[in-house]
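Comments concern the structure below.
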Amino acid sequence: MDPKYRITAGLIGALGLATLLTQLGLRLGRGQDLLLVLWSMAGFFTILTNALTAATMLTIAVTGRRMAFGWMSTLTLSMIMVGLVYHLLLAHHFNFTGLRWWVDQALHSILPALMLWFWLMEVTRHPPRDSQPLQWLIWPAIYAIYVLARGALSGRYPYPFLNVTQLGLGAVAVNMAAMIAAFVILAYVLHAIGTRMPLRDQRASR
């Protein structure tokens with residue numbers, strides 16, 4: 001494997017890990033219990049997806065193993081949606097300053113952008129042409145089931161557009177259908193881009 005691939009993955013993974021640990025530290029700094037903070041953070045698609053991304057990138061850096069194109073595309077798709085949903089639907093609810101602003105930007109802007117760049121520059125150099133975009137939605141589907149089950153048990157939902165208690169099941173179903181449509185469209189856009197990117201040997205010959 002190209003050492004640059006491992007180094008770049010390591011830097012992205014390290015940034016993701018540092019950001020998540022900083023977010024944890026900020027929450028604990030407000031005097032909250034560690035287990036309660038971890039449980040709360042584990043409800044957010046943003047946190048879980050960034051954690052999966054950081055773990056994957058650090059694994060690449062340590063082992064030198066190239067991850068499956070489908071899995072890397074799943075992470076890239078999910079990270080892009082993290083950024084889009086936050087900036088289109090949620091960002092106006094917050095007015096962070098200082099370190100919290102930097103953590104917020106890293107989770108919702110910088111890391112999604114870096115993941116897309118890594119996917120375009122490195123992952124698509126070896127894409128299998130038979131990769132199925134709908135398979136990239138398995139992780140978001142797992143999260144949707146998890147967060148609704150978690151909310152039904154606790155009565156708390158991490159995102160206002162998924163709050164069954166306030167909106168009702170019908171409205172949440174409509175919101176989820178819109179999210180699914182966005183995921184599907186973006187997945188096929190990424191697939192179209194990925195299957196048209198020049199492979200490594202073609203890039204090297206330029």
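Chain labels follow the order of the structure tokens: the first chain is A, the next B, and so on; residue numbering restarts at 1 in every chain, and ligands are counted from 1 in their shown order.
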
### Message
According to DSSP computed on the backbone, where in stretch 5-174 of chain A is there alpha helix (DSSP H)? Give the residues as an MDAnalysis selection string.
### Response
chainID A and resid 5:28 34:41 45:63 69:85 98:105 111:121 138:154 164:167 169:174

### Selected residue, from A:Leu34, A:Leu153, A:Ala61, A:Leu148, that lies nearest to A:Met176 when counting only C-alpha atoms
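So, comparing all the options, the nearest one is A:Leu148.
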
Quick one: residues within 12 Å of A:Gly25, only C-alpha atoms counted, chain neighbours fewer than 4 positions away excluded, as a PDB file with C-alpha atoms, in the first residue's frame?
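What ended up in result.pdb:
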ATOM      1  CA  ALA A  18      -9.108  14.116  19.093  1.00  0.00           C
ATOM      2  CA  THR A  19     -12.360  15.882  18.221  1.00  0.00           C
ATOM      3  CA  LEU A  20     -14.503  13.207  19.847  1.00  0.00           C
ATOM      4  CA  LEU A  21     -12.346  13.185  22.977  1.00  0.00           C
ATOM      5  CA  GLY A  29     -16.351  19.724  32.172  1.00  0.00           C
ATOM      6  CA  ARG A  30     -19.938  20.692  32.904  1.00  0.00           C
ATOM      7  CA  GLY A  31     -19.960  18.211  35.775  1.00  0.00           C
ATOM      8  CA  GLN A  32     -21.925  15.442  34.068  1.00  0.00           C
ATOM      9  CA  ASP A  33     -21.454  11.754  34.851  1.00  0.00           C
ATOM     10  CA  LEU A  34     -19.187   9.872  32.437  1.00  0.00           C
ATOM     11  CA  VAL A  37     -22.432  11.542  28.844  1.00  0.00           C
ATOM     12  CA  LEU A  38     -21.355   8.502  26.827  1.00  0.00           C
ATOM     13  CA  MET A  41     -23.402  11.016  22.852  1.00  0.00           C
ATOM     14  CA  LEU A  99     -13.432  25.488  21.541  1.00  0.00           C
ATOM     15  CA  ARG A 100     -17.019  24.274  21.236  1.00  0.00           C
ATOM     16  CA  VAL A 103     -15.385  20.968  17.750  1.00  0.00           C
TER      17      VAL A 103
END

### Query
A:Trp102: which residues within 12 Å, counting only C-alpha atoms, same-chain residues fewer than 5 positions away excluded, as an MDAnalysis selection string?
chainID A and resid 15 18:20 22:23 26 95:97 107:111

Contacts of stretch 81-93 of chain A at 10 Å (only C-alpha atoms; same-chain gap of 2+ positions) as a PDB file with C-alpha atoms, in the first residue's frame:
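Result saved to result-v9.pdb:
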ATOM      1  CA  PHE A  45     -25.673   9.884  14.218  1.00  0.00           C
ATOM      2  CA  THR A  46     -22.958  12.535  14.018  1.00  0.00           C
ATOM      3  CA  ILE A  47     -21.003  11.093  16.943  1.00  0.00           C
ATOM      4  CA  THR A  49     -20.520   8.059  12.324  1.00  0.00           C
ATOM      5  CA  ASN A  50     -17.482  10.148  13.228  1.00  0.00           C
ATOM      6  CA  LEU A  75     -18.740   6.138   5.652  1.00  0.00           C
ATOM      7  CA  THR A  76     -18.299   8.851   3.043  1.00  0.00           C
ATOM      8  CA  LEU A  77     -22.010   8.943   2.248  1.00  0.00           C
ATOM      9  CA  SER A  78     -22.909   9.098   5.938  1.00  0.00           C
ATOM     10  CA  MET A  79     -20.345  11.798   6.703  1.00  0.00           C
ATOM     11  CA  ASN A  95     -24.407  29.680  18.612  1.00  0.00           C
ATOM     12  CA  PHE A  96     -21.221  28.015  19.791  1.00  0.00           C
ATOM     13  CA  ASP A 104     -18.731  21.621  16.087  1.00  0.00           C
ATOM     14  CA  GLN A 105     -17.052  22.616  12.825  1.00  0.00           C
ATOM     15  CA  ALA A 106     -14.724  19.624  12.906  1.00  0.00           C
ATOM     16  CA  LEU A 107     -17.572  17.146  13.390  1.00  0.00           C
ATOM     17  CA  HIS A 108     -19.963  18.665  10.867  1.00  0.00           C
ATOM     18  CA  SER A 109     -17.748  20.375   8.277  1.00  0.00           C
ATOM     19  CA  ILE A 110     -14.030  19.582   8.358  1.00  0.00           C
ATOM     20  CA  LEU A 111     -14.163  15.807   8.846  1.00  0.00           C
ATOM     21  CA  PRO A 112     -16.967  15.257   6.293  1.00  0.00           C
ATOM     22  CA  ALA A 113     -15.008  17.335   3.765  1.00  0.00           C
ATOM     23  CA  PRO A 140     -28.027   4.657   8.313  1.00  0.00           C
ATOM     24  CA  TYR A 159     -32.886  15.211  16.675  1.00  0.00           C
ATOM     25  CA  PRO A 160     -36.069  17.329  16.548  1.00  0.00           C
ATOM     26  CA  PHE A 161     -37.168  15.871  13.199  1.00  0.00           C
ATOM     27  CA  MET A 179     -33.973  11.412   4.622  1.00  0.00           C
ATOM     28  CA  ALA A 182     -31.691  12.082   0.167  1.00  0.00           C
ATOM     29  CA  PHE A 183     -29.436   9.166   1.117  1.00  0.00           C
ATOM     30  CA  LEU A 186     -26.532  10.970  -2.859  1.00  0.00           C
TER      31      LEU A 186
END

### Task
Please provide as a PyMOL selection string all residues within 8 Å of A:Leu58, with the sequence filter that same-chain residues fewer than 3 positions apart are discarded (counting only C-alpha atoms).
chain A and resi 9-10+13-14+54-55+61-62

With C-alpha atoms retained, write the just-selected residues as a PDB file, in the first residue's frame.
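New file result-v1.pdb:
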ATOM      1  CA  ALA A   9      -5.781   8.028   6.834  1.00  0.00           C
ATOM      2  CA  GLY A  10      -3.906   8.280  10.119  1.00  0.00           C
ATOM      3  CA  GLY A  13      -8.401   9.343  12.051  1.00  0.00           C
ATOM      4  CA  ALA A  14      -6.337  11.182  14.646  1.00  0.00           C
ATOM      5  CA  ALA A  54     -12.012   7.606  13.045  1.00  0.00           C
ATOM      6  CA  ALA A  55     -11.741   3.919  13.959  1.00  0.00           C
ATOM      7  CA  ALA A  61      -2.992   3.643   9.285  1.00  0.00           C
ATOM      8  CA  VAL A  62      -1.944   0.940  11.764  1.00  0.00           C
TER       9      VAL A  62
END

### Query
Residues at most 12 Å from A:Ser154, counting only C-alpha atoms, excluding those fewer than 2 positions away in the same chain, as a ChimeraX atom specification?
/A:39-40,43,147-152,156-158,163-165

### Query
From the list A:Ala171, A:Ile7, A:Leu36, A:Leu24, which residue is nearest A:Thr59 when using only C-alpha atoms?
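For A:Thr59, the nearest of the candidates is A:Ile7.
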
### Counting only C-alpha atoms, the residue of A:Gly170, A:Gly64, A:Pro133, A:Gly16 that sits nearest A:Asp2
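Under the stated criterion, the closest residue is A:Gly64.
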
### Message
Rounded to one decimal, what separation in Å do you get between atom CA of A:Arg6 and atom CA of A:Ile60?
### Response
6.0 Å
